[in-house]
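Engineer: So here's protein-v1.cif (mmCIF, C-alpha atoms).
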```
data_protein
loop_
_atom_site.label_atom_id
_atom_site.label_comp_id
_atom_site.auth_asym_id
_atom_site.auth_seq_id
_atom_site.Cartn_x
_atom_site.Cartn_y
_atom_site.Cartn_z
CA MET A 977 164.73 83.35 162.83
CA SER A 978 166.55 80.47 161.17
CA TYR A 979 166.31 77.94 158.37
CA ALA A 980 167.09 74.28 158.61
CA VAL A 981 169.80 73.63 156.03
CA ALA A 982 169.45 70.38 154.14
CA PRO A 983 172.52 68.51 152.93
CA ARG A 984 173.84 69.78 149.61
CA HIS A 985 173.21 66.44 147.89
CA ALA A 986 169.59 66.34 149.03
CA ARG A 987 168.90 69.88 147.89
CA HIS A 988 170.14 69.30 144.36
CA THR A 989 169.05 65.72 143.72
CA SER A 990 165.52 65.63 145.04
CA GLY A 991 165.19 69.46 145.10
CA PRO A 992 161.79 70.72 146.10
CA MET A 993 160.02 67.80 144.39
CA ARG A 994 159.40 65.67 147.48
CA SER A 995 159.55 68.47 150.02
CA ILE A 996 157.30 71.05 148.29
CA TYR A 997 155.74 69.89 145.02
CA LEU A 998 154.35 66.50 146.07
CA PRO A 999 152.61 67.69 149.27
CA ARG A 1000 151.33 70.76 147.39
CA THR A 1001 149.90 68.51 144.64
CA ALA A 1002 148.04 66.26 147.08
CA ASP A 1003 146.72 69.21 149.08
CA ALA A 1004 145.68 71.23 146.01
CA LEU A 1005 143.73 68.29 144.61
CA ALA A 1006 142.04 67.66 147.95
CA LEU A 1007 141.27 71.40 148.21
CA ALA A 1008 139.70 71.53 144.73
CA MET A 1009 137.65 68.38 145.33
CA SER A 1010 136.31 69.60 148.67
CA THR A 1011 135.65 73.20 147.56
CA TYR A 1012 133.61 72.18 144.52
CA GLY A 1013 132.53 68.73 145.71
CA ILE A 1014 130.94 69.59 149.06
CA PRO A 1015 128.07 71.68 147.54
CA LEU A 1016 127.51 68.86 145.05
CA LEU A 1017 127.49 66.41 147.93
CA VAL A 1018 124.88 68.47 149.76
CA LEU A 1019 122.63 68.59 146.70
CA ALA A 1020 123.02 64.87 146.07
CA THR A 1021 122.24 64.05 149.72
CA THR A 1022 119.46 66.52 150.53
CA ARG A 1023 118.03 67.40 147.06
CA SER A 1024 117.60 70.92 148.45
CA ALA A 1025 118.71 74.03 146.58
CA ALA A 1026 118.40 76.07 149.79
CA LEU A 1027 120.68 73.73 151.75
CA THR A 1028 123.16 73.69 148.85
CA GLY A 1029 123.45 77.48 149.05
CA ALA A 1030 123.63 77.37 152.85
CA ALA A 1031 126.43 74.81 152.66
CA PHE A 1032 128.37 77.07 150.27
CA ALA A 1033 128.01 79.92 152.77
CA LEU A 1034 129.03 77.63 155.64
CA GLU A 1035 132.08 76.61 153.65
CA TRP A 1036 133.23 80.22 153.23
CA ILE A 1037 132.20 82.07 156.39
CA PRO A 1038 134.53 80.06 158.70
CA ARG A 1039 137.32 80.34 156.11
CA LEU A 1040 137.08 84.12 156.20
CA ALA A 1041 136.97 84.12 160.00
CA ALA A 1042 140.06 81.89 160.12
CA PHE A 1043 141.99 83.85 157.50
CA GLY A 1044 143.97 86.12 159.81
CA TRP A 1045 144.42 83.43 162.46
CA ALA A 1046 145.79 80.97 159.90
CA GLY A 1047 148.52 83.38 158.86
CA SER A 1048 149.34 84.22 162.47
CA LEU A 1049 149.56 80.54 163.44
CA VAL A 1050 151.81 79.76 160.47
CA ASP A 1051 154.08 82.65 161.49
CA ARG A 1052 154.29 81.36 165.08
CA ARG A 1053 154.44 77.58 164.55
CA GLY A 1054 155.91 77.20 161.09
CA ALA A 1055 154.38 76.17 157.77
CA ALA A 1056 155.32 72.48 157.99
CA VAL A 1057 153.61 71.94 161.37
CA VAL A 1058 150.41 73.74 160.38
CA PHE A 1059 150.37 72.08 156.95
CA HIS A 1060 150.65 68.63 158.53
CA LEU A 1061 148.06 69.18 161.26
CA ALA A 1062 145.50 70.88 158.99
CA SER A 1063 145.72 68.17 156.32
CA LEU A 1064 145.55 65.44 158.97
CA GLY A 1065 142.54 67.10 160.60
CA ARG A 1066 140.76 67.36 157.25
CA ALA A 1067 141.47 63.68 156.56
CA LEU A 1068 139.94 62.67 159.92
CA VAL A 1069 136.85 64.84 159.38
CA LEU A 1070 136.30 63.51 155.86
CA ALA A 1071 136.79 59.91 157.00
CA ALA A 1072 134.21 60.37 159.73
CA GLY A 1073 131.82 61.90 157.19
CA ALA A 1074 132.32 58.98 154.78
CA VAL A 1075 131.48 56.47 157.54
CA LEU A 1076 128.38 58.37 158.65
CA LEU A 1077 127.07 58.73 155.10
CA HIS A 1078 127.69 55.03 154.47
CA LEU A 1079 125.65 54.14 157.55
CA HIS A 1080 123.01 56.88 157.05
CA PRO A 1081 122.84 57.76 153.33
CA THR A 1082 119.63 59.80 153.77
CA GLY A 1083 117.64 61.53 156.47
CA THR A 1084 118.48 63.94 159.26
CA VAL A 1085 121.86 62.42 160.09
CA ALA A 1086 122.99 62.64 156.46
CA GLY A 1087 121.84 66.25 156.18
CA ALA A 1088 123.58 67.28 159.38
CA THR A 1089 126.75 65.43 158.35
CA VAL A 1090 127.16 67.21 155.02
CA MET A 1091 126.51 70.63 156.57
CA VAL A 1092 129.14 70.02 159.27
CA LEU A 1093 131.55 68.85 156.57
CA ALA A 1094 131.05 72.12 154.69
CA ALA A 1095 131.99 74.22 157.73
CA THR A 1096 134.90 72.16 159.06
CA THR A 1097 136.60 71.44 155.73
CA GLY A 1098 136.40 75.14 154.87
CA VAL A 1099 138.37 76.12 157.99
CA LEU A 1100 140.96 73.34 157.69
CA THR A 1101 141.42 74.02 153.99
CA GLU A 1102 142.20 77.67 154.74
CA PHE A 1103 144.91 76.68 157.23
CA SER A 1104 146.51 74.15 154.87
CA TYR A 1105 146.39 76.62 151.96
CA ILE A 1106 148.09 79.43 153.89
CA ALA A 1107 150.71 76.97 155.17
CA ALA A 1108 151.33 75.60 151.66
CA GLU A 1109 151.66 79.13 150.25
CA THR A 1110 154.14 80.03 152.98
CA ALA A 1111 156.17 76.88 152.33
CA GLY A 1112 156.22 77.67 148.61
CA ALA A 1113 157.42 81.22 149.26
CA ALA A 1114 160.19 79.89 151.52
CA ALA A 1115 161.20 77.41 148.80
CA GLY A 1116 161.39 80.27 146.31
CA ARG A 1117 163.69 82.24 148.60
CA ARG A 1118 165.94 79.21 149.02
CA ALA A 1119 166.08 78.81 145.22
CA GLY A 1120 167.65 82.25 144.89
CA PRO A 1121 167.92 83.29 141.23
CA ARG A 1122 165.70 80.37 140.19
CA ALA A 1123 162.83 81.41 142.45
CA HIS A 1124 160.55 82.12 139.47
CA ARG A 1125 160.83 78.48 138.39
CA VAL A 1126 159.55 77.28 141.77
CA GLN A 1127 156.61 79.68 141.63
CA ALA A 1128 155.82 78.66 138.04
CA VAL A 1129 155.66 74.99 139.06
CA LEU A 1130 153.44 75.80 142.05
CA LEU A 1131 151.06 77.81 139.85
CA GLY A 1132 150.94 74.91 137.39
CA ILE A 1133 150.11 72.51 140.23
CA ASP A 1134 147.25 74.72 141.43
CA GLN A 1135 145.79 75.11 137.94
CA THR A 1136 146.09 71.39 137.18
CA ALA A 1137 144.28 70.59 140.43
CA ALA A 1138 141.59 73.13 139.55
CA LEU A 1139 141.18 71.36 136.21
CA ALA A 1140 141.04 67.81 137.58
CA GLY A 1141 139.48 68.24 141.03
CA PRO A 1142 135.91 69.33 140.17
CA ALA A 1143 135.52 66.74 137.40
CA LEU A 1144 136.93 63.97 139.61
CA ALA A 1145 134.60 64.91 142.47
CA GLY A 1146 131.61 64.87 140.13
CA MET A 1147 132.49 61.47 138.70
CA LEU A 1148 133.08 59.92 142.12
CA LEU A 1149 129.71 61.19 143.34
CA LEU A 1150 128.06 59.00 140.71
CA THR A 1151 129.28 55.98 142.71
CA GLY A 1152 128.05 57.48 145.97
CA PRO A 1153 129.05 60.24 148.43
CA PRO A 1154 131.23 57.93 150.58
CA SER A 1155 133.43 57.22 147.56
CA MET A 1156 134.14 60.90 146.92
CA LEU A 1157 134.86 61.51 150.59
CA ALA A 1158 137.10 58.44 150.79
CA VAL A 1159 139.28 59.59 147.88
CA THR A 1160 139.52 63.12 149.29
CA THR A 1161 140.44 61.58 152.65
CA VAL A 1162 143.29 59.63 151.06
CA LEU A 1163 144.59 62.75 149.32
CA SER A 1164 144.43 64.75 152.56
CA LEU A 1165 146.21 61.99 154.48
CA LEU A 1166 148.86 61.79 151.77
CA ALA A 1167 149.35 65.57 151.99
CA ALA A 1168 149.70 65.31 155.78
CA LEU A 1169 152.35 62.59 155.51
CA LEU A 1170 154.28 64.38 152.75
CA ALA A 1171 154.12 67.64 154.74
CA LEU A 1172 156.50 66.05 157.25
CA ARG A 1173 159.20 66.42 154.58
CA THR A 1174 158.49 70.14 154.13
CA PRO A 1175 161.48 72.25 155.22
CA PRO A 1176 160.76 74.55 158.17
CA SER A 1177 159.81 78.14 157.39
CA PRO A 1178 160.88 81.19 159.40
CA VAL A 1179 159.09 81.43 162.76
CA ALA A 1180 158.13 84.67 164.46
CA PRO A 1181 159.15 85.35 168.08
CA ALA A 1182 157.20 83.31 170.61
CA ARG A 1183 155.63 86.38 172.21
CA ALA A 1184 153.96 88.16 169.31
CA PRO A 1185 151.73 91.15 169.97
CA LYS A 1186 148.32 90.09 171.26
CA HIS A 1187 146.37 91.94 168.59
CA GLN A 1188 148.80 91.36 165.73
CA VAL A 1189 146.15 89.87 163.42
CA SER A 1190 143.62 92.69 163.71
CA ALA A 1191 146.35 95.33 163.64
CA GLY A 1192 147.78 93.84 160.44
CA LEU A 1193 144.40 93.84 158.70
CA LEU A 1194 143.77 97.42 159.82
CA THR A 1195 147.13 98.49 158.39
CA GLY A 1196 146.27 96.75 155.14
CA TRP A 1197 142.88 98.47 154.96
CA ARG A 1198 144.48 101.89 155.50
CA THR A 1199 147.04 101.18 152.79
CA ILE A 1200 144.32 100.25 150.30
CA ARG A 1201 142.47 103.48 151.09
CA SER A 1202 145.63 105.48 150.54
CA LEU A 1203 146.10 104.00 147.02
CA PRO A 1204 143.09 105.03 144.89
CA ALA A 1205 144.03 102.88 141.89
CA LEU A 1206 144.26 99.76 144.04
CA GLY A 1207 141.07 100.65 145.91
CA TRP A 1208 138.99 101.11 142.77
CA LEU A 1209 140.27 97.88 141.21
CA VAL A 1210 139.60 95.91 144.40
CA THR A 1211 136.09 97.38 144.53
CA GLY A 1212 135.35 96.33 140.95
CA LEU A 1213 136.73 92.84 141.47
CA THR A 1214 134.78 92.43 144.70
CA LEU A 1215 131.51 93.07 142.83
CA SER A 1216 132.71 90.71 140.10
CA ASN A 1217 133.39 88.05 142.74
CA LEU A 1218 129.78 88.32 143.90
CA ALA A 1219 128.68 87.20 140.44
CA SER A 1220 131.40 84.54 140.38
CA GLY A 1221 130.41 83.23 143.81
CA LEU A 1222 126.75 83.08 142.81
CA LEU A 1223 127.60 81.06 139.71
CA GLN A 1224 129.60 78.66 141.89
CA ALA A 1225 126.98 78.37 144.63
CA ALA A 1226 124.04 78.03 142.26
CA GLY A 1227 125.94 75.92 139.73
CA PRO A 1228 124.87 72.52 141.10
CA VAL A 1229 121.23 73.59 141.18
CA ILE A 1230 121.31 75.08 137.67
CA VAL A 1231 123.15 72.21 136.02
CA VAL A 1232 121.47 69.29 137.81
CA GLN A 1233 117.93 70.55 138.36
CA HIS A 1234 117.46 73.09 135.56
CA PHE A 1235 119.47 71.50 132.74
CA GLY A 1236 118.93 67.91 133.93
CA GLN A 1237 122.61 66.96 133.84
CA SER A 1238 124.65 64.77 136.21
CA THR A 1239 127.01 65.84 138.97
CA THR A 1240 129.89 65.09 136.60
CA ALA A 1241 128.60 67.83 134.31
CA VAL A 1242 128.89 70.33 137.18
CA GLY A 1243 132.53 69.40 137.66
CA LEU A 1244 133.19 69.74 133.93
CA VAL A 1245 131.92 73.33 134.02
CA TRP A 1246 134.58 74.34 136.53
CA SER A 1247 137.28 72.25 134.90
CA ALA A 1248 136.57 74.07 131.62
CA ALA A 1249 136.60 77.37 133.53
CA ALA A 1250 140.01 76.53 135.03
CA ALA A 1251 141.39 75.71 131.57
CA ALA A 1252 140.03 79.00 130.20
CA THR A 1253 141.52 80.89 133.14
CA LEU A 1254 144.94 79.33 132.59
CA LEU A 1255 144.81 80.28 128.89
CA SER A 1256 143.67 83.81 129.76
CA VAL A 1257 146.48 84.30 132.27
CA THR A 1258 149.02 83.18 129.67
CA LEU A 1259 147.63 85.51 126.98
CA CYS A 1260 147.49 88.45 129.40
CA ARG A 1261 151.16 88.06 130.20
CA PHE A 1262 151.99 88.55 126.51
CA ALA A 1263 149.43 91.37 126.16
CA LEU A 1264 150.94 93.24 129.08
CA ASP A 1265 154.31 93.17 127.32
CA ARG A 1266 152.80 95.32 124.54
CA PHE A 1267 150.06 97.30 126.26
CA SER A 1268 149.56 99.02 129.60
CA LEU A 1269 147.44 97.62 132.41
CA TRP A 1270 144.33 99.70 131.65
CA PRO A 1271 143.42 98.38 128.15
CA VAL A 1272 144.11 94.77 129.14
CA GLY A 1273 142.05 95.11 132.31
CA ALA A 1274 139.23 96.94 130.53
CA VAL A 1275 138.94 94.28 127.82
CA CYS A 1276 138.89 91.51 130.43
CA ALA A 1277 136.27 93.40 132.47
CA ALA A 1278 134.01 93.82 129.42
CA LEU A 1279 134.43 90.15 128.53
CA ALA A 1280 133.55 88.99 132.04
CA SER A 1281 130.54 91.29 132.32
CA LEU A 1282 129.01 90.29 128.98
CA ALA A 1283 129.62 86.57 129.60
CA CYS A 1284 128.00 86.71 133.05
CA LEU A 1285 124.93 88.54 131.71
CA ALA A 1286 124.59 85.93 128.97
CA ALA A 1287 125.18 82.97 131.33
CA ALA A 1288 122.19 84.05 133.42
CA ARG A 1289 120.00 83.41 130.35
CA ALA A 1290 121.84 80.45 128.84
CA PRO A 1291 119.35 78.23 126.95
CA ASP A 1292 121.18 74.92 127.43
CA TYR A 1293 124.04 73.23 129.28
CA ARG A 1294 126.63 73.57 126.50
CA SER A 1295 126.18 77.32 126.13
CA TYR A 1296 126.18 77.68 129.93
CA LEU A 1297 129.51 75.83 130.16
CA VAL A 1298 131.09 78.00 127.45
CA LEU A 1299 129.80 81.27 128.95
CA VAL A 1300 131.00 80.40 132.47
CA ALA A 1301 134.41 79.53 131.03
CA VAL A 1302 134.55 82.88 129.19
CA PHE A 1303 133.46 84.69 132.35
CA MET A 1304 136.20 83.05 134.42
CA ALA A 1305 138.75 83.79 131.69
CA GLY A 1306 137.87 87.49 131.98
CA GLU A 1307 138.20 87.31 135.76
CA GLY A 1308 141.56 85.58 135.39
CA GLY A 1309 142.84 88.43 133.23
CA MET A 1310 141.68 91.03 135.76
CA THR A 1311 143.45 89.05 138.49
CA VAL A 1312 146.71 89.35 136.56
CA VAL A 1313 146.16 93.11 136.37
CA LEU A 1314 145.46 93.26 140.12
CA ARG A 1315 148.57 91.25 141.00
CA THR A 1316 150.74 93.44 138.79
CA LEU A 1317 149.25 96.65 140.15
CA ARG A 1318 149.62 95.74 143.80
CA SER A 1319 153.24 94.67 143.27
CA ARG A 1320 153.90 98.18 141.87
CA LEU A 1321 151.98 100.24 144.40
CA ILE A 1322 152.08 98.57 147.82
CA PRO A 1323 155.09 99.59 149.96
CA PRO A 1324 157.28 96.52 150.68
CA GLU A 1325 157.10 97.05 154.44
CA LYS A 1326 153.27 96.86 154.29
CA PHE A 1327 152.89 94.25 151.57
CA GLY A 1328 151.94 91.30 153.78
CA SER A 1329 149.23 93.10 155.74
CA THR A 1330 147.85 94.78 152.60
CA LEU A 1331 147.82 91.48 150.71
CA SER A 1332 145.86 89.81 153.54
CA ALA A 1333 143.34 92.66 153.63
CA THR A 1334 142.97 92.60 149.85
CA ILE A 1335 142.31 88.85 149.72
CA LEU A 1336 139.88 89.08 152.62
CA ILE A 1337 137.86 91.82 150.87
CA LEU A 1338 137.82 89.88 147.60
CA LEU A 1339 136.53 86.73 149.32
CA LEU A 1340 133.73 88.40 151.30
CA PRO A 1341 131.17 88.05 148.45
CA PHE A 1342 131.38 84.24 148.45
CA PRO A 1343 129.40 83.57 151.66
CA VAL A 1344 126.96 86.28 150.55
CA ALA A 1345 126.49 84.36 147.30
CA GLY A 1346 125.79 81.20 149.27
CA LEU A 1347 123.15 82.95 151.36
CA LEU A 1348 121.53 84.41 148.22
CA THR A 1349 121.34 80.92 146.72
CA ALA A 1350 119.83 79.53 149.92
CA LEU A 1351 117.15 82.24 150.09
CA THR A 1352 116.23 82.23 146.39
CA PRO A 1353 113.75 79.74 144.88
CA PRO A 1354 115.48 77.64 142.18
CA ASP A 1355 113.28 79.07 139.41
CA ALA A 1356 114.33 82.62 140.32
CA LEU A 1357 118.10 82.02 140.38
CA GLY A 1358 118.45 83.28 136.81
CA HIS A 1359 116.96 86.64 137.79
CA VAL A 1360 119.30 86.97 140.77
CA ILE A 1361 122.34 86.12 138.62
CA THR A 1362 121.21 88.74 136.09
CA ALA A 1363 120.95 91.36 138.84
CA CYS A 1364 124.42 90.50 140.17
CA ALA A 1365 125.83 90.53 136.63
CA ALA A 1366 124.37 94.00 136.07
CA LEU A 1367 125.87 95.16 139.38
CA GLN A 1368 129.20 93.67 138.34
CA ALA A 1369 129.11 95.42 134.96
CA LEU A 1370 128.25 98.76 136.59
CA GLY A 1371 130.98 98.38 139.22
CA LEU A 1372 133.67 97.46 136.69
CA LEU A 1373 132.57 100.27 134.37
CA CYS A 1374 132.86 102.82 137.18
CA ALA A 1375 136.22 101.40 138.32
CA PHE A 1376 137.89 101.39 134.90
CA THR A 1377 136.37 104.74 133.93
CA ARG A 1378 137.86 106.22 137.09
CA LEU A 1379 141.20 104.51 136.42
CA ARG A 1380 141.42 105.47 132.74
CA THR A 1381 143.90 108.30 133.36
CA ASP A 1382 145.59 106.87 136.43
CA PRO A 1383 149.38 106.73 135.88
CA ALA A 1384 149.65 103.40 137.70
CA LEU A 1385 147.52 101.66 135.04
CA CYS A 1386 148.50 103.68 131.98
CA THR A 1387 152.26 103.10 132.12
#
```
Show this structure as structure tokens.
Structural biologist:
Amino acid sequence: MSYAVAPRHARHTSGPMRSIYLPRTADALALAMSTYGIPLLVLATTRSAALTGAAFALEWIPRLAAFGWAGSLVDRRGAAVVFHLASLGRALVLAAGAVLLHLHPTGTVAGATVMVLAATTGVLTEFSYIAAETAGAAAGRRAGPRAHRVQAVLLGIDQTAALAGPALAGMLLLTGPPSMLAVTTVLSLLAALLALRTPPSPVAPARAPKHQVSAGLLTGWRTIRSLPALGWLVTGLTLSNLASGLLQAAGPVIVVQHFGQSTTAVGLVWSAAAAATLLSVTLCRFALDRFSLWPVGAVCAALASLACLAAARAPDYRSYLVLVAVFMAGEGGMTVVLRTLRSRLIPPEKFGSTLSATILILLLPFPVAGLLTALTPPDALGHVITACAALQALGLLCAFTRLRTDPALCT
């Protein structure tokens, strides 16, 4: 295991700006545009709520399947190599999709193209994300005592991309699907080129255990089961993510078909949600300085549950936008609680495997939400969201009631 050591002048003049921050910025913006833009693209191309939900599921199912393999490949080949190849592959796929949609803007070819884009971009995005996260962690270790500054910048990049990406994708769709795909292609290609400057990360031995991925996830699952506080919180957040995923999957249908707004309006919903989440995360950091984890988490859980129940019955677009933003702010606060709790409870020697298992569990509801959207008539989506919001409220109530006297959350 070794690090490539850059010249002293290069490390302190350019720092991680060109080697970490610029490729992360391009990739994060491409990730946000594809994650929120592909379902919009499907709706704009097919006009089908069912296919929009199916595309959301197709976008997430391969990502979950590739989750463990992405981490294993990054460990074996290095973050820079995987980052470059995944971003380059996504650029080629998006470019091909832009050409096909330019030649066949409607019909069977267009429908098949957007569905294939949903599946392939989901997988490639997962690989580039894991590689970018690994490169950021390596940059933090190289920064030594200033590691928190590197992580703060990376978090700011991700949140800024989450603010700008959905709105940009929605606006570009007004000029046509090929335009949105072309811009995302350029961003992906830029990320691939900038990834060549990314310093190499530690590489595992060439002959890793054959079943390392599954064994790591199994270890993580056992660790979660051995920590009741972590298990209950993950359970509550998993049910909350089902409601969140349904709002994301059904969002294009609700905003465009039910409220009669444009695709830009869909992007603005999630840009406002990202801004609310960033504000919530900031406030929770100050709140946690004065209070324990339980009251902060309980308040955020109540806020998210009430906002989701109200969003299911929102009378107009403006109230829907505000309620979704409040809901995501509550989820953001609970995420801060989860991150703090797992850093306290998970043994360091099992942190990586437990983190992977935790993220995998939390992401499982997203393809389920896509399938629910695909199988539900557009007029009945409000009822399904209400049911999921009630399930979320019940799950969070049980979780935080059980955790009320747990020392891990009350200290």
Engineer: By how many Å are CA of Val1242 (chain A) and CA of Ala1074 (chain A) apart?
Structural biologist: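 Calculated distance between CA of Val1242 (chain A) and CA of Ala1074 (chain A) is 21.2 Å.
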Engineer: Which of these, A:Leu1370, A:Cys1260, A:Leu1321, A:Leu1007, has the shortest distance to Pro1204 (chain A) once you count all atoms listed in the file?
Structural biologist: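 Smallest separation from Pro1204 (chain A) among the options: A:Leu1321.
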Engineer: Measuring atom to atom with only C-alpha atoms, identify which of A:Val1018, A:Leu1340, A:Ala1241, A:Leu1170 is nearest to Leu998 (chain A).
Structural biologist: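 Closest candidate: A:Leu1170.
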Engineer: Pull the closest atom pair for each residue of region 1185-1281 of chain A that gets at most 6 Å from region 1298-1302 of chain A, along with the distance in Å to one decimal, counting all atoms listed in the file, ordering rows by chain and then ascending residue number, as a Markdown table.
Structural biologist:
```
| residue | atom | partner | partner_atom | distance |
| --- | --- | --- | --- | --- |
| A:Ala1248 | CA | A:Ala1301 | CA | 5.9 |
| A:Ala1249 | CA | A:Ala1301 | CA | 4.0 |
| A:Ala1252 | CA | A:Ala1301 | CA | 5.7 |
```
Engineer: Write out the residues from the selection above, keeping C-alpha atoms, as a short mmCIF file (atom, residue, chain, number, x, y, z; two decimals), in the frame of the given file.
Structural biologist:
```
data_model
loop_
_atom_site.label_atom_id
_atom_site.label_comp_id
_atom_site.auth_asym_id
_atom_site.auth_seq_id
_atom_site.Cartn_x
_atom_site.Cartn_y
_atom_site.Cartn_z
CA ALA A 1248 136.57 74.07 131.62
CA ALA A 1249 136.60 77.37 133.53
CA ALA A 1252 140.03 79.00 130.20
#
```
Engineer: Separation of CA of Ala1145 (chain A) and CA of His1080 (chain A), in Å?
Structural biologist: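 Spanning CA of Ala1145 (chain A) to CA of His1080 (chain A) is a straight-line distance of 20.3 Å.
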Engineer: Report the residues retrieved by the PyMOL selection byres ((chain A and resi 1014) around 12) from the displayed file, expressed as a PDB file with C-alpha atoms, keeping the file's coordinate frame.
Structural biologist:
```
ATOM      1  CA  ALA A1006     142.040  67.660 147.950  1.00  0.00           C
ATOM      2  CA  LEU A1007     141.270  71.400 148.210  1.00  0.00           C
ATOM      3  CA  ALA A1008     139.700  71.530 144.730  1.00  0.00           C
ATOM      4  CA  MET A1009     137.650  68.380 145.330  1.00  0.00           C
ATOM      5  CA  SER A1010     136.310  69.600 148.670  1.00  0.00           C
ATOM      6  CA  THR A1011     135.650  73.200 147.560  1.00  0.00           C
ATOM      7  CA  TYR A1012     133.610  72.180 144.520  1.00  0.00           C
ATOM      8  CA  GLY A1013     132.530  68.730 145.710  1.00  0.00           C
ATOM      9  CA  PRO A1015     128.070  71.680 147.540  1.00  0.00           C
ATOM     10  CA  LEU A1016     127.510  68.860 145.050  1.00  0.00           C
ATOM     11  CA  LEU A1017     127.490  66.410 147.930  1.00  0.00           C
ATOM     12  CA  VAL A1018     124.880  68.470 149.760  1.00  0.00           C
ATOM     13  CA  LEU A1019     122.630  68.590 146.700  1.00  0.00           C
ATOM     14  CA  ALA A1020     123.020  64.870 146.070  1.00  0.00           C
ATOM     15  CA  THR A1021     122.240  64.050 149.720  1.00  0.00           C
ATOM     16  CA  THR A1022     119.460  66.520 150.530  1.00  0.00           C
ATOM     17  CA  LEU A1027     120.680  73.730 151.750  1.00  0.00           C
ATOM     18  CA  THR A1028     123.160  73.690 148.850  1.00  0.00           C
ATOM     19  CA  GLY A1029     123.450  77.480 149.050  1.00  0.00           C
ATOM     20  CA  ALA A1030     123.630  77.370 152.850  1.00  0.00           C
ATOM     21  CA  ALA A1031     126.430  74.810 152.660  1.00  0.00           C
ATOM     22  CA  PHE A1032     128.370  77.070 150.270  1.00  0.00           C
ATOM     23  CA  ALA A1033     128.010  79.920 152.770  1.00  0.00           C
ATOM     24  CA  LEU A1034     129.030  77.630 155.640  1.00  0.00           C
ATOM     25  CA  GLU A1035     132.080  76.610 153.650  1.00  0.00           C
ATOM     26  CA  TRP A1036     133.230  80.220 153.230  1.00  0.00           C
ATOM     27  CA  LEU A1070     136.300  63.510 155.860  1.00  0.00           C
ATOM     28  CA  GLY A1073     131.820  61.900 157.190  1.00  0.00           C
ATOM     29  CA  THR A1089     126.750  65.430 158.350  1.00  0.00           C
ATOM     30  CA  VAL A1090     127.160  67.210 155.020  1.00  0.00           C
ATOM     31  CA  MET A1091     126.510  70.630 156.570  1.00  0.00           C
ATOM     32  CA  VAL A1092     129.140  70.020 159.270  1.00  0.00           C
ATOM     33  CA  LEU A1093     131.550  68.850 156.570  1.00  0.00           C
ATOM     34  CA  ALA A1094     131.050  72.120 154.690  1.00  0.00           C
ATOM     35  CA  ALA A1095     131.990  74.220 157.730  1.00  0.00           C
ATOM     36  CA  THR A1096     134.900  72.160 159.060  1.00  0.00           C
ATOM     37  CA  THR A1097     136.600  71.440 155.730  1.00  0.00           C
ATOM     38  CA  GLY A1098     136.400  75.140 154.870  1.00  0.00           C
ATOM     39  CA  GLY A1141     139.480  68.240 141.030  1.00  0.00           C
ATOM     40  CA  PRO A1142     135.910  69.330 140.170  1.00  0.00           C
ATOM     41  CA  ALA A1145     134.600  64.910 142.470  1.00  0.00           C
ATOM     42  CA  GLY A1146     131.610  64.870 140.130  1.00  0.00           C
ATOM     43  CA  LEU A1149     129.710  61.190 143.340  1.00  0.00           C
ATOM     44  CA  PRO A1153     129.050  60.240 148.430  1.00  0.00           C
ATOM     45  CA  PRO A1154     131.230  57.930 150.580  1.00  0.00           C
ATOM     46  CA  MET A1156     134.140  60.900 146.920  1.00  0.00           C
ATOM     47  CA  LEU A1157     134.860  61.510 150.590  1.00  0.00           C
ATOM     48  CA  THR A1160     139.520  63.120 149.290  1.00  0.00           C
ATOM     49  CA  GLN A1224     129.600  78.660 141.890  1.00  0.00           C
ATOM     50  CA  ALA A1225     126.980  78.370 144.630  1.00  0.00           C
ATOM     51  CA  PRO A1228     124.870  72.520 141.100  1.00  0.00           C
ATOM     52  CA  THR A1239     127.010  65.840 138.970  1.00  0.00           C
ATOM     53  CA  GLY A1243     132.530  69.400 137.660  1.00  0.00           C
TER      54      GLY A1243
END
```
Engineer: Counting all atoms listed in the file, what is within 9 Å of Val1058 (chain A), bar same-chain residues fewer than 5 positions away, as a ChimeraX atom specification?
Structural biologist: /A:1046,1049-1050,1053,1063,1103-1104,1106-1108
Engineer: So what does the PyMOL selection byres ((chain A and resi 1137) around 8) actually pick up in this one, as a PyMOL selection string?
Structural biologist: chain A and resi 1001+1004-1005+1008+1133-1136+1138-1141
Engineer: Using only C-alpha atoms, which residue out of A:Gln1233, A:Gly1227, A:Val1312, A:Ser1216 lies closest to Arg1261 (chain A)?
Structural biologist: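 Closest to Arg1261 (chain A) of all the choices is A:Val1312.
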Engineer: Would you kindly translate the PyMOL selection byres ((chain A and resi 1207) around 12) into the concrete residues it picks from this file, as a PyMOL selection string?
Structural biologist: chain A and resi 1196-1206+1208-1214+1314+1317-1318+1321-1322+1330+1333-1334+1337-1338+1375-1376+1378-1379
Engineer: When distances are computed from all atoms listed in the file, which of A:Ser1024, A:Thr1084, A:Ser1295, A:Thr1110 shows the smallest separation from Ala1055 (chain A)?
Structural biologist: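 Among A:Ser1024, A:Thr1084, A:Ser1295, A:Thr1110, it is A:Thr1110 that comes nearest to Ala1055 (chain A).
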Engineer: Can you work out which one of A:Pro1383, A:Ala1366, A:His1078, A:Phe1342 has the shortest atom-to-atom distance to Ala1226 (chain A), counting only C-alpha atoms?
Structural biologist: A:Phe1342
Engineer: Could you please determine the separation between CA of Val1245 (chain A) and CA of Val1162 (chain A) in Å, to one decimal place?
Structural biologist: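 Taking CA of Val1245 (chain A) as the start and CA of Val1162 (chain A) as the end point, the length is 24.6 Å.
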Engineer: Considering only C-alpha atoms, return as a PyMOL selection string whatever protein or nucleic-acid residues lie within 9 Å of Leu1130 (chain A), sequence-local ones (same chain, fewer than 5 positions apart) excluded.
Structural biologist: chain A and resi 996-997+1000-1001+1112+1125+1135
